[in-house]
file model-v4.cif (mmCIF, C-alpha atoms)
data_structure
loop_
_atom_site.label_atom_id
_atom_site.label_comp_id
_atom_site.auth_asym_id
_atom_site.auth_seq_id
_atom_site.Cartn_x
_atom_site.Cartn_y
_atom_site.Cartn_z
CA MET A 39 88.79 -46.07 -93.92
CA ALA A 40 88.89 -46.64 -97.70
CA ARG A 41 87.60 -50.00 -99.13
CA ASN A 42 89.27 -51.95 -101.87
CA PRO A 43 87.11 -51.82 -105.01
CA ALA A 44 88.40 -55.21 -106.08
CA SER A 45 87.16 -56.85 -102.93
CA MET A 46 83.77 -55.25 -103.33
CA ARG A 47 83.42 -56.57 -106.86
CA GLY A 48 84.32 -60.12 -105.77
CA ALA A 49 81.73 -60.32 -102.98
CA PRO A 50 78.62 -60.78 -105.18
CA ARG A 51 80.29 -63.52 -107.14
CA SER A 52 81.21 -65.50 -104.04
CA ARG A 53 77.66 -65.06 -102.68
CA LEU A 54 76.16 -66.35 -105.92
CA ALA A 55 78.50 -69.29 -105.87
CA ALA A 56 77.47 -70.10 -102.29
CA GLU A 57 73.78 -69.91 -103.19
CA GLY A 58 74.31 -72.26 -106.08
CA THR A 59 75.60 -74.98 -103.77
CA ARG A 60 72.33 -75.23 -101.67
CA PRO A 61 70.57 -78.69 -101.84
CA ARG A 62 67.57 -78.82 -104.09
CA ALA A 63 64.14 -80.13 -102.93
CA PRO A 64 63.45 -83.75 -103.95
CA ALA A 65 61.36 -84.26 -107.02
CA PRO A 66 57.73 -85.16 -106.31
CA GLN A 67 57.11 -88.92 -106.37
CA ARG A 68 54.30 -90.56 -108.33
CA PRO A 69 51.31 -91.68 -106.07
CA SER A 70 50.97 -95.43 -105.39
CA SER A 71 48.44 -97.52 -107.28
CA LEU A 72 46.31 -97.96 -104.13
CA ARG A 73 46.13 -94.22 -103.57
CA LEU A 74 45.22 -93.66 -107.21
CA TRP A 75 42.49 -96.35 -106.97
CA LEU A 76 41.01 -94.77 -103.84
CA ARG A 77 41.18 -91.29 -105.41
CA ARG A 78 39.28 -92.46 -108.48
CA ARG A 79 36.56 -94.16 -106.39
CA ARG A 80 36.18 -91.45 -103.79
CA PRO A 81 32.86 -90.29 -105.24
CA LEU A 82 31.49 -93.84 -104.77
CA LEU A 83 32.92 -94.45 -101.30
CA ARG A 84 31.43 -91.40 -99.64
CA PRO A 85 27.75 -92.38 -100.17
CA ALA A 86 28.48 -95.92 -98.98
CA LEU A 87 30.18 -94.66 -95.81
CA PHE A 88 27.32 -92.25 -95.13
CA GLY A 89 24.80 -95.05 -95.64
CA LEU A 90 26.68 -97.40 -93.31
CA ALA A 91 26.90 -94.70 -90.67
CA ALA A 92 23.17 -93.98 -90.98
CA LEU A 93 22.41 -97.70 -90.70
CA SER A 94 24.53 -97.98 -87.54
CA VAL A 95 22.78 -95.00 -85.96
CA ALA A 96 19.38 -96.42 -86.89
CA ALA A 97 20.31 -99.84 -85.47
CA VAL A 98 21.45 -98.28 -82.17
CA CYS A 99 18.27 -96.22 -81.96
CA GLY A 100 16.14 -99.26 -82.75
CA ALA A 101 17.88 -101.34 -80.08
CA GLY A 102 17.42 -98.56 -77.55
CA ILE A 103 13.73 -98.18 -78.36
CA ALA A 104 13.24 -101.95 -78.22
CA ALA A 105 14.83 -102.00 -74.77
CA LEU A 106 12.67 -99.14 -73.55
CA GLU A 107 9.52 -100.43 -75.20
CA PRO A 108 9.23 -104.18 -74.51
CA ALA A 109 5.62 -104.08 -75.67
CA GLY A 110 6.88 -103.46 -79.19
CA ARG A 111 4.90 -100.30 -79.98
CA PHE A 112 7.77 -99.17 -82.18
CA SER A 113 8.30 -102.51 -83.88
CA TRP A 114 7.79 -100.79 -87.22
CA LEU A 115 11.10 -98.99 -86.69
CA ASN A 116 12.94 -102.23 -86.05
CA GLU A 117 11.38 -103.73 -89.14
CA GLY A 118 12.53 -100.75 -91.17
CA VAL A 119 16.08 -101.08 -89.88
CA ALA A 120 16.02 -104.80 -90.69
CA GLU A 121 14.91 -104.11 -94.25
CA ILE A 122 17.66 -101.52 -94.69
CA GLY A 123 20.19 -104.02 -93.35
CA ALA A 124 18.92 -106.66 -95.75
CA GLY A 125 19.51 -104.20 -98.56
CA PHE A 126 23.16 -104.05 -97.52
CA GLY A 127 23.40 -107.86 -97.46
CA LEU A 128 22.70 -108.45 -93.75
CA THR A 129 20.61 -111.60 -94.14
CA VAL A 130 20.61 -114.98 -92.44
CA GLN A 131 23.10 -117.28 -94.15
CA GLU A 132 23.15 -120.34 -91.86
CA ILE A 133 21.41 -121.59 -88.71
CA VAL A 134 23.38 -124.08 -86.61
CA VAL A 135 21.66 -126.04 -83.81
CA ARG A 136 23.70 -128.05 -81.29
CA GLY A 137 22.66 -130.29 -78.42
CA GLN A 138 19.38 -131.51 -79.93
CA GLN A 139 18.62 -135.17 -79.24
CA ASN A 140 15.05 -135.70 -78.08
CA THR A 141 13.46 -132.35 -78.87
CA PRO A 142 11.50 -132.50 -82.15
CA LYS A 143 13.31 -130.50 -84.81
CA GLU A 144 10.13 -128.81 -85.99
CA LEU A 145 9.62 -127.36 -82.51
CA ILE A 146 13.14 -125.92 -82.52
CA ARG A 147 12.68 -124.39 -85.97
CA ALA A 148 9.40 -122.81 -84.93
CA ALA A 149 10.96 -121.40 -81.76
CA ILE A 150 13.91 -119.88 -83.66
CA GLY A 151 11.40 -118.11 -85.89
CA ILE A 152 13.64 -117.20 -88.82
CA ARG A 153 14.93 -118.86 -91.98
CA ASN A 154 17.85 -118.46 -94.36
CA GLY A 155 17.65 -115.35 -96.52
CA GLU A 156 15.50 -113.33 -94.13
CA PRO A 157 16.74 -110.01 -92.61
CA LEU A 158 19.33 -110.69 -89.92
CA LEU A 159 18.51 -107.60 -87.86
CA ALA A 160 14.88 -108.73 -87.59
CA PHE A 161 16.01 -111.67 -85.45
CA SER A 162 16.03 -111.27 -81.65
CA PRO A 163 18.32 -113.78 -79.89
CA GLU A 164 16.69 -113.08 -76.51
CA ALA A 165 13.17 -113.69 -77.79
CA ALA A 166 14.30 -116.90 -79.50
CA ARG A 167 15.94 -118.08 -76.26
CA GLN A 168 12.73 -117.55 -74.31
CA ARG A 169 10.70 -119.46 -76.90
CA LEU A 170 13.19 -122.35 -76.87
CA GLU A 171 13.13 -122.62 -73.08
CA SER A 172 9.34 -122.84 -73.14
CA ILE A 173 9.67 -126.25 -74.84
CA ALA A 174 9.26 -129.07 -72.32
CA TRP A 175 12.39 -130.93 -73.40
CA ILE A 176 14.73 -127.91 -73.20
CA GLU A 177 16.12 -126.90 -69.81
CA SER A 178 18.20 -123.95 -71.08
CA ALA A 179 19.30 -122.46 -74.40
CA GLU A 180 21.98 -120.13 -75.76
CA VAL A 181 21.41 -118.11 -78.93
CA GLN A 182 24.04 -116.04 -80.76
CA ARG A 183 23.64 -113.79 -83.81
CA ASN A 184 26.73 -112.90 -85.85
CA LEU A 185 26.94 -110.10 -88.42
CA SER A 186 28.42 -112.65 -90.80
CA GLY A 187 24.89 -114.01 -91.16
CA ASN A 188 25.27 -117.08 -88.96
CA ILE A 189 22.96 -117.93 -86.04
CA LEU A 190 24.21 -120.41 -83.43
CA VAL A 191 21.72 -122.17 -81.14
CA VAL A 192 22.90 -124.44 -78.29
CA VAL A 193 20.21 -126.29 -76.34
CA HIS A 194 20.60 -128.21 -73.09
CA GLU A 195 17.92 -130.87 -72.85
CA ARG A 196 16.36 -132.46 -69.81
CA ARG A 197 17.21 -136.11 -69.27
CA PRO A 198 14.38 -138.66 -69.15
CA PHE A 199 14.29 -140.20 -65.68
CA ALA A 200 11.14 -142.27 -65.25
CA ILE A 201 7.70 -143.10 -66.61
CA TRP A 202 4.89 -141.67 -64.53
CA GLN A 203 1.51 -143.42 -64.44
CA HIS A 204 -1.41 -141.32 -63.25
CA ASN A 205 -5.08 -142.05 -63.88
CA ASN A 206 -4.16 -144.58 -66.59
CA ASP A 207 -2.09 -141.95 -68.39
CA PHE A 208 1.65 -142.39 -68.97
CA ALA A 209 4.32 -139.73 -69.48
CA VAL A 210 8.12 -139.45 -69.41
CA VAL A 211 9.41 -137.14 -66.64
CA ASP A 212 12.82 -135.83 -65.59
CA ARG A 213 14.27 -136.00 -62.08
CA GLU A 214 12.42 -132.84 -61.03
CA GLY A 215 9.12 -134.34 -62.13
CA ARG A 216 8.58 -132.19 -65.21
CA VAL A 217 6.74 -133.95 -68.01
CA VAL A 218 8.91 -133.94 -71.13
CA SER A 219 7.03 -136.32 -73.40
CA ALA A 220 3.79 -138.26 -73.54
CA ASP A 221 4.68 -140.16 -76.72
CA THR A 222 7.24 -142.81 -77.65
CA LEU A 223 7.61 -144.10 -74.08
CA ASP A 224 9.81 -146.98 -75.22
CA ALA A 225 12.29 -144.78 -77.08
CA PHE A 226 14.50 -144.13 -74.05
CA GLY A 227 15.21 -147.65 -72.85
CA PRO A 228 14.08 -149.17 -69.54
CA LEU A 229 12.98 -146.47 -67.09
CA PRO A 230 11.60 -146.75 -63.54
CA LEU A 231 7.81 -146.78 -63.26
CA LEU A 232 6.33 -144.27 -60.79
CA VAL A 233 2.64 -144.69 -59.93
CA GLY A 234 0.33 -142.32 -58.12
CA GLU A 235 -0.39 -138.65 -57.53
CA GLY A 236 2.85 -136.79 -56.74
CA ALA A 237 5.06 -139.79 -57.49
CA HIS A 238 6.78 -137.96 -60.36
CA LYS A 239 8.06 -135.22 -58.02
CA ASN A 240 9.16 -137.43 -55.12
CA GLY A 241 10.41 -140.62 -56.76
CA ALA A 242 14.02 -139.61 -57.41
CA ALA A 243 15.09 -139.80 -53.74
CA VAL A 244 13.68 -143.32 -53.21
CA TYR A 245 15.12 -144.54 -56.51
CA ASP A 246 18.58 -143.28 -55.55
CA GLU A 247 18.40 -145.35 -52.35
CA LEU A 248 17.31 -148.41 -54.31
CA LYS A 249 20.35 -148.05 -56.55
CA LYS A 250 22.48 -148.68 -53.46
CA ALA A 251 20.75 -152.08 -53.12
CA PRO A 252 20.90 -153.57 -56.65
CA GLU A 253 19.60 -156.98 -55.47
CA VAL A 254 16.39 -155.22 -54.40
CA LEU A 255 16.15 -152.85 -57.38
CA ALA A 256 16.43 -155.73 -59.87
CA ARG A 257 13.20 -157.24 -58.53
CA ILE A 258 11.10 -154.04 -58.50
CA GLN A 259 8.47 -153.42 -61.14
CA ALA A 260 7.02 -150.12 -59.87
CA LEU A 261 7.27 -147.52 -57.11
CA VAL A 262 3.77 -146.71 -55.88
CA TYR A 263 3.13 -143.47 -53.98
CA VAL A 264 0.33 -144.05 -51.46
CA SER A 265 -1.81 -141.08 -50.36
CA GLN A 266 1.11 -138.78 -51.21
CA ARG A 267 2.77 -139.84 -47.94
CA ARG A 268 4.67 -143.11 -48.26
CA TRP A 269 5.85 -145.72 -50.76
CA ASN A 270 5.01 -149.28 -51.73
CA LEU A 271 7.40 -151.35 -53.82
CA ARG A 272 5.66 -153.66 -56.30
CA LEU A 273 7.88 -156.62 -57.22
CA HIS A 274 7.80 -158.49 -60.52
CA ASN A 275 6.33 -161.55 -58.77
CA GLY A 276 3.39 -159.47 -57.51
CA THR A 277 4.56 -158.97 -53.92
CA ASP A 278 3.95 -155.54 -52.34
CA ILE A 279 6.50 -154.15 -49.88
CA LEU A 280 5.02 -151.49 -47.59
CA LEU A 281 7.75 -149.03 -46.61
CA PRO A 282 7.50 -146.85 -43.48
CA GLU A 283 6.80 -143.16 -43.98
CA GLY A 284 9.96 -141.09 -43.68
CA HIS A 285 12.23 -144.11 -43.02
CA GLU A 286 12.57 -145.56 -46.50
CA ASN A 287 16.38 -145.64 -46.40
CA ALA A 288 16.61 -147.90 -43.36
CA ALA A 289 13.86 -150.19 -44.68
CA ILE A 290 15.57 -150.64 -48.04
CA ALA A 291 18.87 -151.45 -46.34
CA ARG A 292 17.11 -154.05 -44.18
CA LEU A 293 15.46 -155.57 -47.25
CA ALA A 294 18.87 -155.98 -48.86
CA GLU A 295 20.16 -157.84 -45.80
CA LEU A 296 17.12 -160.13 -45.66
CA GLN A 297 17.45 -160.90 -49.35
CA LYS A 298 21.09 -161.92 -48.98
CA ALA A 299 20.43 -164.02 -45.89
CA GLN A 300 17.00 -165.54 -46.58
CA SER A 301 16.05 -164.70 -50.23
CA LEU A 302 12.94 -163.06 -48.80
CA LEU A 303 12.02 -161.26 -52.01
CA ASP A 304 11.92 -164.51 -53.97
CA ARG A 305 9.29 -166.12 -51.79
CA PRO A 306 5.69 -166.31 -53.07
CA VAL A 307 4.08 -163.98 -50.52
CA VAL A 308 1.34 -161.37 -50.86
CA ALA A 309 3.00 -158.51 -48.98
CA ILE A 310 5.88 -157.60 -46.68
CA ASP A 311 4.75 -154.95 -44.20
CA MET A 312 7.63 -152.84 -42.82
CA ARG A 313 5.60 -149.91 -41.53
CA LEU A 314 6.20 -150.77 -37.87
CA PRO A 315 9.78 -150.10 -36.77
CA ASP A 316 10.08 -153.11 -34.43
CA ARG A 317 8.53 -155.86 -36.53
CA LEU A 318 8.18 -157.23 -40.03
CA VAL A 319 4.92 -158.84 -41.09
CA VAL A 320 4.84 -161.27 -44.00
CA ARG A 321 1.44 -162.02 -45.45
CA GLN A 322 1.21 -165.44 -47.01
CA HIS A 323 -1.08 -166.49 -49.79
CA PRO A 324 -4.20 -168.12 -48.38
CA GLN A 325 -3.98 -171.86 -48.41
CA PRO A 326 -6.60 -173.60 -50.52
CA GLU A 327 -9.17 -175.48 -48.52
CA GLN A 328 -8.72 -179.22 -48.45
CA PRO A 329 -11.79 -181.22 -49.54
CA VAL A 330 -13.47 -183.09 -46.71
CA THR A 331 -13.95 -186.79 -47.33
CA THR A 332 -16.49 -188.87 -45.41
CA THR A 333 -16.90 -192.64 -45.22
CA ARG A 334 -20.19 -194.36 -44.78
CA GLY A 335 -20.53 -197.71 -43.17
CA ARG A 336 -22.41 -200.46 -44.96
CA GLY A 337 -25.48 -201.69 -43.26
CA ARG A 338 -26.15 -205.34 -42.63
CA GLY A 339 -28.83 -206.86 -44.69
#
call {"tool": "encode", "arguments": {"input": "model-v4.cif", "output": "structure tokens"}}
result
Amino acid sequence: MARNPASMRGAPRSRLAAEGTRPRAPAPQRPSSLRLWLRRRRPLLRPALFGLAALSVAAVCGAGIAALEPAGRFSWLNEGVAEIGAGFGLTVQEIVVRGQQNTPKELIRAAIGIRNGEPLLAFSPEAARQRLESIAWIESAEVQRNLSGNILVVVHERRPFAIWQHNNDFAVVDREGRVVSADTLDAFGPLPLLVGEGAHKNGAAVYDELKKAPEVLARIQALVYVSQRRWNLRLHNGTDILLPEGHENAAIARLAELQKAQSLLDRPVVAIDMRLPDRLVVRQHPQPEQPVTTTRGRGRG
């Protein structure tokens, strides 16, 4: 079949026209200012990133070695990591202590063991917590170290409960009998006086029973532990109340009843013996002897 030469000549032109109508690729846009800034400082950022990565790896290795070696034979590695961290600005900026009331501040500072400006990574929160809890006043402590440079210390102090007298020595103790201070006995207000060996560990239970009988407690000067077995109550007027061993609660309740009915505790007596369950013995002060007078008859002279 013969082709039309005219149609053959028109085909290339139509194909060129079709190709000319294809969409062009968008013109490249200019990079943002942030991208240009990062591109210019790329040579400086790479060493810093490598250094930070090396510091992180060294810190992890140091922490692992410290956990595996509690004796501290590789403490030089931890010190090296701390110095590197200090070079990157990881130093102590602020130390905050909360909960301190009676504990001397110098003892807390010594137990923390670090000051502002020193390497942050050289500080061990666990070691500081153990040192803080070795202080007599502190029952428990919480220590936190933040990479911002702040160290937070929260202490929970023991509460002074009583003054313990033993062998002419006086000390402030808590409810469990732990000695928290031997100085400034008058700094905590009026406290119960416990006297005798073991009184500091056993006085809380008797004192709690006395609090239920305020008319009895108001007249007590001291709780005396006798032979580490039983208690005597020394009143302000000098009277001794001998409580039965193991039955202090019932005896204190009976004292409260006798005080309301007969004002027994206000009488000038030497002692009130309650050791026998079926009787109460009151010892009076001895009566002074009366002078004997004699009369002589006159003789007759």
call {"tool": "resolve_selection", "arguments": {"input": "model-v4.cif", "expression": "the PyMOL selection byres ((chain A and resi 290) around 8)", "output": "list in words"}}
result
Glu247, Leu248, Ala251, Val254, Glu286, Asn287, Ala288, Ala289, Ala291, Arg292, Leu293 and Ala294 of chain A
call {"tool": "residues_around", "arguments": {"input": "model-v4.cif", "residues": "A:Gly137", "least_positions_apart": "2", "cutoff": "8 Å", "atoms": "only C-alpha atoms", "output": "PyMOL selection string"}}
result
chain A and resi 135+139+192-195
call {"tool": "atom_distance", "arguments": {"input": "model-v4.cif", "atom1": "atom CA of A:Thr129", "atom2": "atom CA of A:Gly187"}}
result
5.7 Å
call {"tool": "atom_distance", "arguments": {"input": "model-v4.cif", "atom1": "atom CA of A:Asn154", "atom2": "atom CA of A:Val191"}}
result
14.3 Å
call {"tool": "resolve_selection", "arguments": {"input": "model-v4.cif", "expression": "the PyMOL selection byres ((chain A and resi 321) around 6)", "output": "NGL selection string"}}
result
:A and (308-309 or 320 or 322)
call {"tool": "atom_distance", "arguments": {"input": "model-v4.cif", "atom1": "atom CA of A:Glu144", "atom2": "atom CA of A:His238"}}
result
27.4 Å
call {"tool": "resolve_selection", "arguments": {"input": "model-v4.cif", "expression": "the PyMOL selection byres ((chain A and resi 233) around 8)", "output": "list in words"}}
result
Trp202, Gln203, His204, Leu231, Leu232, Gly234, Glu235, Ala237, His238, Ala260, Leu261, Val262 and Tyr263 of chain A
call {"tool": "closest_residue", "arguments": {"input": "model-v4.cif", "among": "A:Asn270, A:Gln138, A:Ser219, A:Asn240", "to": "A:Ala179", "atoms": "only C-alpha atoms"}}
result
A:Gln138
call {"tool": "closest_residue", "arguments": {"input": "model-v4.cif", "among": "A:Gly276, A:Pro198, A:Gly284, A:Pro306", "to": "A:Pro228", "atoms": "all atoms listed in the file"}}
result
A:Pro198
call {"tool": "closest_residue", "arguments": {"input": "model-v4.cif", "among": "A:Ile310, A:Ile133, A:Ala243, A:Val210", "to": "A:Leu296", "atoms": "only C-alpha atoms"}}
result
A:Ile310
call {"tool": "closest_atom_pairs", "arguments": {"input": "model-v4.cif", "of": "stretch 211-262 of chain A", "to": "stretch 158-173 of chain A", "cutoff": "12 Å", "atoms": "all atoms listed in the file", "output": "tab-separated table"}}
result
residue	atom	partner	partner_atom	distance
A:Arg216	CA	A:Ile173	CA	11.4
A:Val217	CA	A:Ile173	CA	10.7
A:Val218	CA	A:Ile173	CA	8.6
A:Ser219	CA	A:Ile173	CA	10.5
call {"tool": "build_atoms", "arguments": {"input": "model-v4.cif", "residues": "stretch 249-262 of chain A", "atoms": "N, CA, C and O atoms", "output": "short mmCIF file (atom, residue, chain, number, x, y, z; two decimals), keeping the file's coordinate frame"}}
result
data_model
loop_
_atom_site.label_atom_id
_atom_site.label_comp_id
_atom_site.auth_asym_id
_atom_site.auth_seq_id
_atom_site.Cartn_x
_atom_site.Cartn_y
_atom_site.Cartn_z
N LYS A 249 19.14 -147.78 -55.76
CA LYS A 249 20.35 -148.05 -56.55
C LYS A 249 21.49 -148.53 -55.67
O LYS A 249 22.40 -149.20 -56.16
N LYS A 250 21.45 -148.20 -54.39
CA LYS A 250 22.48 -148.68 -53.46
C LYS A 250 22.26 -150.16 -53.11
O LYS A 250 23.16 -150.78 -52.53
N ALA A 251 21.07 -150.68 -53.39
CA ALA A 251 20.75 -152.08 -53.12
C ALA A 251 20.33 -152.74 -54.43
O ALA A 251 19.14 -152.95 -54.69
N PRO A 252 21.26 -153.06 -55.32
CA PRO A 252 20.90 -153.57 -56.65
C PRO A 252 20.13 -154.88 -56.59
O PRO A 252 19.32 -155.15 -57.49
N GLU A 253 20.34 -155.72 -55.56
CA GLU A 253 19.60 -156.98 -55.47
C GLU A 253 18.12 -156.73 -55.19
O GLU A 253 17.28 -157.56 -55.54
N VAL A 254 17.80 -155.59 -54.61
CA VAL A 254 16.39 -155.22 -54.40
C VAL A 254 15.84 -154.53 -55.65
O VAL A 254 14.74 -154.83 -56.11
N LEU A 255 16.61 -153.61 -56.21
CA LEU A 255 16.15 -152.85 -57.38
C LEU A 255 15.86 -153.76 -58.56
O LEU A 255 14.91 -153.52 -59.32
N ALA A 256 16.63 -154.84 -58.73
CA ALA A 256 16.43 -155.73 -59.87
C ALA A 256 15.10 -156.44 -59.83
O ALA A 256 14.61 -156.91 -60.87
N ARG A 257 14.47 -156.52 -58.67
CA ARG A 257 13.20 -157.24 -58.53
C ARG A 257 11.98 -156.32 -58.48
O ARG A 257 10.87 -156.79 -58.31
N ILE A 258 12.19 -155.01 -58.64
CA ILE A 258 11.10 -154.04 -58.50
C ILE A 258 10.50 -153.72 -59.87
O ILE A 258 11.22 -153.44 -60.83
N GLN A 259 9.20 -153.77 -59.92
CA GLN A 259 8.47 -153.42 -61.14
C GLN A 259 8.00 -151.97 -61.12
O GLN A 259 8.01 -151.30 -62.15
N ALA A 260 7.57 -151.47 -59.95
CA ALA A 260 7.02 -150.12 -59.87
C ALA A 260 7.19 -149.58 -58.46
O ALA A 260 7.24 -150.34 -57.48
N LEU A 261 7.28 -148.23 -58.37
CA LEU A 261 7.27 -147.52 -57.11
C LEU A 261 5.93 -146.82 -56.99
O LEU A 261 5.62 -145.94 -57.81
N VAL A 262 5.14 -147.19 -56.01
CA VAL A 262 3.77 -146.71 -55.88
C VAL A 262 3.71 -145.74 -54.71
O VAL A 262 4.07 -146.10 -53.57
#
